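Comments concern the structure below.
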Amino acid sequence: MRAAKGLYSTLVTNCIFNVFLFHTAIALNIITIQALRKTSSLPRTLKTLLLSLAASDLAVGLLAHPMFVALLIIRIQQNTSDDAYGAVFAIFSYTLAIASFFSVVAITVDRFLAVHLHLRYQELVTHKRVIAVVISIWVISAFLSLLFPAARLDWIPKKVLRIMFAARDAVCFITTGFLHYKIYASVRHHTDQIQALQVQEEAQNREMKNALGLRKTALATFYIYFPFLACYVPFFCVKLAELFCDETALIQHLWYYVFTLMLSNSSLNPLIYSWKMRHIRHAVINILRSVLPCRH
């Protein structure tokens, strides 16, 4: 497929953005993965899910951004067919994007269960089960990404594929939004209950400390979720518009920008970890100090 002349400025602009973003995604996620490995205070299940998300974000920097830049350059040149390369790009980029998408959903479900199950959480949500969930996320993501080149080859009607993914995205967005509301309401109610209890001061302080720790990790997922929404919903809206309006010139322009925005989430997540999770922030600071020692 050749790029229309009217897309030239859009292609160049997105090429510049992605060259910058693949550097930030790689550097920030390498530091984040190392910080997560060094952080022992996080629940093991949550750490595993965060490592999966950070790994997919790192892979976006290593693969998706550079491959997207190459695709943009091919289309800027307008003298080479990109059908074969576009199919390979779709498989890798959508595998990583879908894996990040499902990882955020899994983190939301994990924090919801931690808040609502209380003591039963450690019994039901084991590390082995979380590992199985992570493996399933990557396998399902790879399988779903194979549907895109299948649609390009007309093995699957494009409209059917768009409906499938629109339904999947809508269900995930609605579900995670509802779960975040329930997390916030439950944590707030639980904290208010503890404050109202007429118990011994030592026991009350211990319960309050546990509740506040759970509240911090639960609410920290809000700061992962909302940038995730800001980066993924525009792409979802453009794909939804394609379903009803086909590929107009405006949608073609918007697709490049919203795809870049979606990939940029991989650079935002490490910043959010460091900002909202104190133990990860301290680990990041220690890593940076060891790599960039201060001169006195």
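Each chain of the structure tokens is named A, B, ... in the order shown, its residues numbered from 1; ligands are numbered from 1 in display order.
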> Could you pull the residues within 9 Å of region 218-232 of chain A, counting only C-alpha atoms, minus those fewer than 6 positions along the same chain, as a PyMOL selection string?
Replying inline: chain A and resi 101+104-105+107-108+111-112+114-115+173+176-177+180+183-184+187+258-265+268-269+272-273+276-277
Output N, CA, C and O atoms for every residue in the selection just made, as a compact mmCIF listing (two decimals), in the first residue's frame.
# COMPACT_ATOMS: atom_id res chain seq x y z
N PHE A 101 -2.33 -4.33 26.98
CA PHE A 101 -3.75 -4.12 27.26
C PHE A 101 -4.25 -5.12 28.29
O PHE A 101 -4.85 -4.75 29.32
N VAL A 104 -2.75 -4.72 31.91
CA VAL A 104 -3.41 -3.69 32.71
C VAL A 104 -4.73 -4.21 33.27
O VAL A 104 -5.08 -3.98 34.43
N VAL A 105 -5.47 -4.95 32.44
CA VAL A 105 -6.72 -5.55 32.91
C VAL A 105 -6.44 -6.54 34.04
O VAL A 105 -7.13 -6.55 35.07
N ILE A 107 -3.87 -6.57 36.14
CA ILE A 107 -3.47 -5.83 37.34
C ILE A 107 -4.70 -5.28 38.05
O ILE A 107 -4.80 -5.32 39.29
N THR A 108 -5.66 -4.78 37.29
CA THR A 108 -6.90 -4.26 37.88
C THR A 108 -7.67 -5.37 38.60
O THR A 108 -8.12 -5.19 39.73
N ARG A 111 -5.86 -6.35 41.93
CA ARG A 111 -6.08 -5.41 43.04
C ARG A 111 -7.53 -5.48 43.54
O ARG A 111 -7.78 -5.32 44.73
N PHE A 112 -8.46 -5.73 42.64
CA PHE A 112 -9.86 -5.90 43.04
C PHE A 112 -10.00 -7.11 43.96
O PHE A 112 -10.65 -7.05 45.01
N ALA A 114 -7.60 -8.49 45.74
CA ALA A 114 -6.86 -8.22 46.97
C ALA A 114 -7.72 -7.44 47.96
O ALA A 114 -7.68 -7.68 49.17
N VAL A 115 -8.50 -6.50 47.45
CA VAL A 115 -9.35 -5.66 48.30
C VAL A 115 -10.55 -6.44 48.82
O VAL A 115 -10.93 -6.34 49.98
N PHE A 173 -12.80 -2.22 28.67
CA PHE A 173 -12.86 -0.86 29.20
C PHE A 173 -13.96 -0.72 30.25
O PHE A 173 -13.75 -0.13 31.32
N THR A 176 -12.94 -2.92 33.49
CA THR A 176 -11.89 -2.31 34.31
C THR A 176 -12.37 -1.02 34.96
O THR A 176 -12.01 -0.73 36.11
N GLY A 177 -13.19 -0.25 34.26
CA GLY A 177 -13.74 0.97 34.86
C GLY A 177 -14.61 0.65 36.06
O GLY A 177 -14.50 1.30 37.12
N HIS A 180 -12.38 -0.57 38.99
CA HIS A 180 -11.68 0.53 39.67
C HIS A 180 -12.63 1.31 40.57
O HIS A 180 -12.23 1.75 41.66
N ILE A 183 -12.99 -0.87 43.62
CA ILE A 183 -11.77 -0.82 44.44
C ILE A 183 -11.76 0.43 45.30
O ILE A 183 -11.53 0.37 46.52
N TYR A 184 -11.99 1.57 44.68
CA TYR A 184 -11.96 2.84 45.41
C TYR A 184 -13.02 2.86 46.50
O TYR A 184 -12.74 3.25 47.65
N VAL A 187 -12.01 0.30 49.41
CA VAL A 187 -10.87 0.77 50.21
C VAL A 187 -11.29 1.92 51.11
O VAL A 187 -10.93 1.97 52.29
N VAL A 258 -3.00 8.23 16.55
CA VAL A 258 -3.51 7.46 17.70
C VAL A 258 -2.69 6.19 17.91
O VAL A 258 -2.57 5.71 19.05
N PHE A 259 -2.10 5.64 16.84
CA PHE A 259 -1.23 4.47 17.02
C PHE A 259 0.04 4.87 17.75
O PHE A 259 0.50 4.16 18.66
N THR A 260 0.61 6.03 17.39
CA THR A 260 1.77 6.55 18.12
C THR A 260 1.42 6.81 19.56
O THR A 260 2.20 6.51 20.48
N LEU A 261 0.22 7.39 19.80
CA LEU A 261 -0.23 7.66 21.17
C LEU A 261 -0.36 6.38 21.96
O LEU A 261 0.05 6.31 23.13
N MET A 262 -0.90 5.34 21.34
CA MET A 262 -1.04 4.05 22.02
C MET A 262 0.32 3.49 22.40
O MET A 262 0.52 3.02 23.53
N LEU A 263 1.29 3.56 21.49
CA LEU A 263 2.63 3.06 21.80
C LEU A 263 3.32 3.90 22.87
O LEU A 263 4.15 3.39 23.63
N SER A 264 2.98 5.19 22.96
CA SER A 264 3.62 6.07 23.94
C SER A 264 3.30 5.67 25.37
O SER A 264 4.01 6.06 26.31
N ASN A 265 2.25 4.88 25.57
CA ASN A 265 1.92 4.41 26.91
C ASN A 265 3.06 3.61 27.52
O ASN A 265 3.22 3.56 28.74
N LEU A 268 5.16 5.96 29.38
CA LEU A 268 4.50 6.59 30.53
C LEU A 268 4.47 5.67 31.75
O LEU A 268 4.63 6.13 32.88
N ASN A 269 4.25 4.38 31.53
CA ASN A 269 4.09 3.45 32.66
C ASN A 269 5.27 3.47 33.63
O ASN A 269 5.06 3.51 34.85
N ILE A 272 5.05 6.36 35.91
CA ILE A 272 3.97 6.24 36.89
C ILE A 272 4.40 5.34 38.04
O ILE A 272 4.13 5.63 39.21
N TYR A 273 5.09 4.21 37.73
CA TYR A 273 5.58 3.34 38.81
C TYR A 273 6.45 4.13 39.78
O TYR A 273 6.28 4.06 41.01
N LYS A 276 4.25 6.89 41.84
CA LYS A 276 3.21 6.53 42.78
C LYS A 276 3.57 5.37 43.70
O LYS A 276 2.90 5.17 44.71
N MET A 277 4.59 4.57 43.37
CA MET A 277 4.95 3.44 44.22
C MET A 277 6.29 3.74 44.88
O MET A 277 7.34 3.68 44.25
> Between A:Phe236, A:Thr13, A:Ile33, A:Leu146, which has the minimum distance to Ala167 (chain A) (counting only C-alpha atoms)?
Replying inline: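 Looking at the shortest contact to Ala167 (chain A), the residue is A:Phe236.
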> Mind pulling up the distance from CA of Thr10 (chain A) to CA of Ile251 (chain A)?
Replying inline: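 Atom-to-atom, CA of Ile251 (chain A) and CA of Thr10 (chain A) are spaced 11.9 Å apart.
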>> Residues within 9 Å of Leu62 (chain A), please, as a list in words. Count only C-alpha atoms; anything in the same chain fewer than 2 positions from it doesn't count.
In response: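 The neighbour list is Phe22, His23, Ala25, Ile26, Asp57, Leu58, Ala59, Val60, Ala64, His65, Pro66 and Met67 of chain A.
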> In Å to one decimal, how far is CA of Gly61 (chain A) from CA of Asn18 (chain A)?
Replying inline: 9.2 Å
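Residues with any atom within 7 Å of region 128-139 of chain A, counting only C-alpha atoms and excluding same-chain neighbours fewer than 5 positions away, are A:Thr45, A:Ser52, A:Ala99, A:Phe102.
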> With only C-alpha atoms as the atoms that count, which of A:Thr175, A:Ser186, A:Thr126, A:Gln77 lies nearest to Tyr8 (chain A)?
Replying inline: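 The closest residue to Tyr8 (chain A) is A:Gln77.
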> Quick one: residues within 8 Å of Leu28 (chain A), only C-alpha atoms counted, chain neighbours fewer than 2 positions away excluded, as number ranges by chain?
Replying inline: A: 24-26, 30-32, 267, 270-271
Could you please take those selected residues and save C-alpha atoms as a compact mmCIF listing (two decimals), in the first residue's frame?
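Contents of the output file selection_20.txt:
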# COMPACT_ATOMS: atom_id res chain seq x y z
CA THR A 24 12.55 6.56 26.24
CA ALA A 25 10.62 3.26 26.24
CA ILE A 26 13.82 1.21 26.22
CA ILE A 30 15.07 -1.38 31.62
CA ILE A 31 15.44 0.70 34.78
CA THR A 32 11.89 -0.20 35.89
CA SER A 267 7.07 5.27 28.05
CA PRO A 270 7.66 3.46 34.11
CA LEU A 271 7.24 7.10 35.13
>> I want to know what sits within 10 Å of Ile98 (chain A), based on only C-alpha atoms, with residues of the same chain fewer than 2 positions away left out; could you give that as a list in words?
In response: Ser56, Ser93, Tyr94, Thr95, Leu96, Ser100, Phe101, Phe102, Ser103, Val104, Ile137, Trp138, Ile140, Ser141, Ala142, Leu144, Ser145 and Asp169 of chain A
Those same residues - C-alpha atoms - I'd like them written as an mmCIF file, in the first residue's frame.
data_model
loop_
_atom_site.group_PDB
_atom_site.id
_atom_site.type_symbol
_atom_site.label_atom_id
_atom_site.label_comp_id
_atom_site.auth_asym_id
_atom_site.auth_seq_id
_atom_site.Cartn_x
_atom_site.Cartn_y
_atom_site.Cartn_z
ATOM 1 C CA SER A 56 5.787 -5.778 27.011
ATOM 2 C CA SER A 93 3.102 -4.598 17.189
ATOM 3 C CA TYR A 94 -0.374 -5.892 17.956
ATOM 4 C CA THR A 95 0.987 -8.790 20.010
ATOM 5 C CA LEU A 96 2.768 -6.281 22.257
ATOM 6 C CA SER A 100 0.008 -4.536 27.487
ATOM 7 C CA PHE A 101 -3.753 -4.116 27.259
ATOM 8 C CA PHE A 102 -4.483 -7.449 28.959
ATOM 9 C CA SER A 103 -1.721 -6.892 31.545
ATOM 10 C CA VAL A 104 -3.407 -3.686 32.714
ATOM 11 C CA ILE A 137 -1.911 -13.311 28.165
ATOM 12 C CA TRP A 138 1.078 -13.633 25.846
ATOM 13 C CA ILE A 140 -3.686 -15.137 23.479
ATOM 14 C CA SER A 141 -2.069 -11.871 22.375
ATOM 15 C CA ALA A 142 0.064 -13.674 19.797
ATOM 16 C CA LEU A 144 -5.124 -12.483 18.197
ATOM 17 C CA SER A 145 -2.355 -10.596 16.392
ATOM 18 C CA ASP A 169 -12.121 -3.500 23.841
#
>> Ranking A:Ala27, A:Val12, A:Ala70, A:Leu42 by minimum distance to His279 (chain A) and counting only C-alpha atoms, which one comes first?
In response: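 Of A:Ala27, A:Val12, A:Ala70, A:Leu42, the one nearest His279 (chain A), counting only C-alpha atoms, is A:Leu42.
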>> With distances taken over only C-alpha atoms, which residue among A:Arg44, A:Leu71, A:Trp275, A:Phe235 lies nearest Ala97 (chain A)?
In response: A:Phe235
> Which residue gives the smallest distance to Leu53 (chain A) among A:Leu243, A:Ala106, A:Leu11, A:Leu292, with only C-alpha atoms counted?
Replying inline: A:Ala106
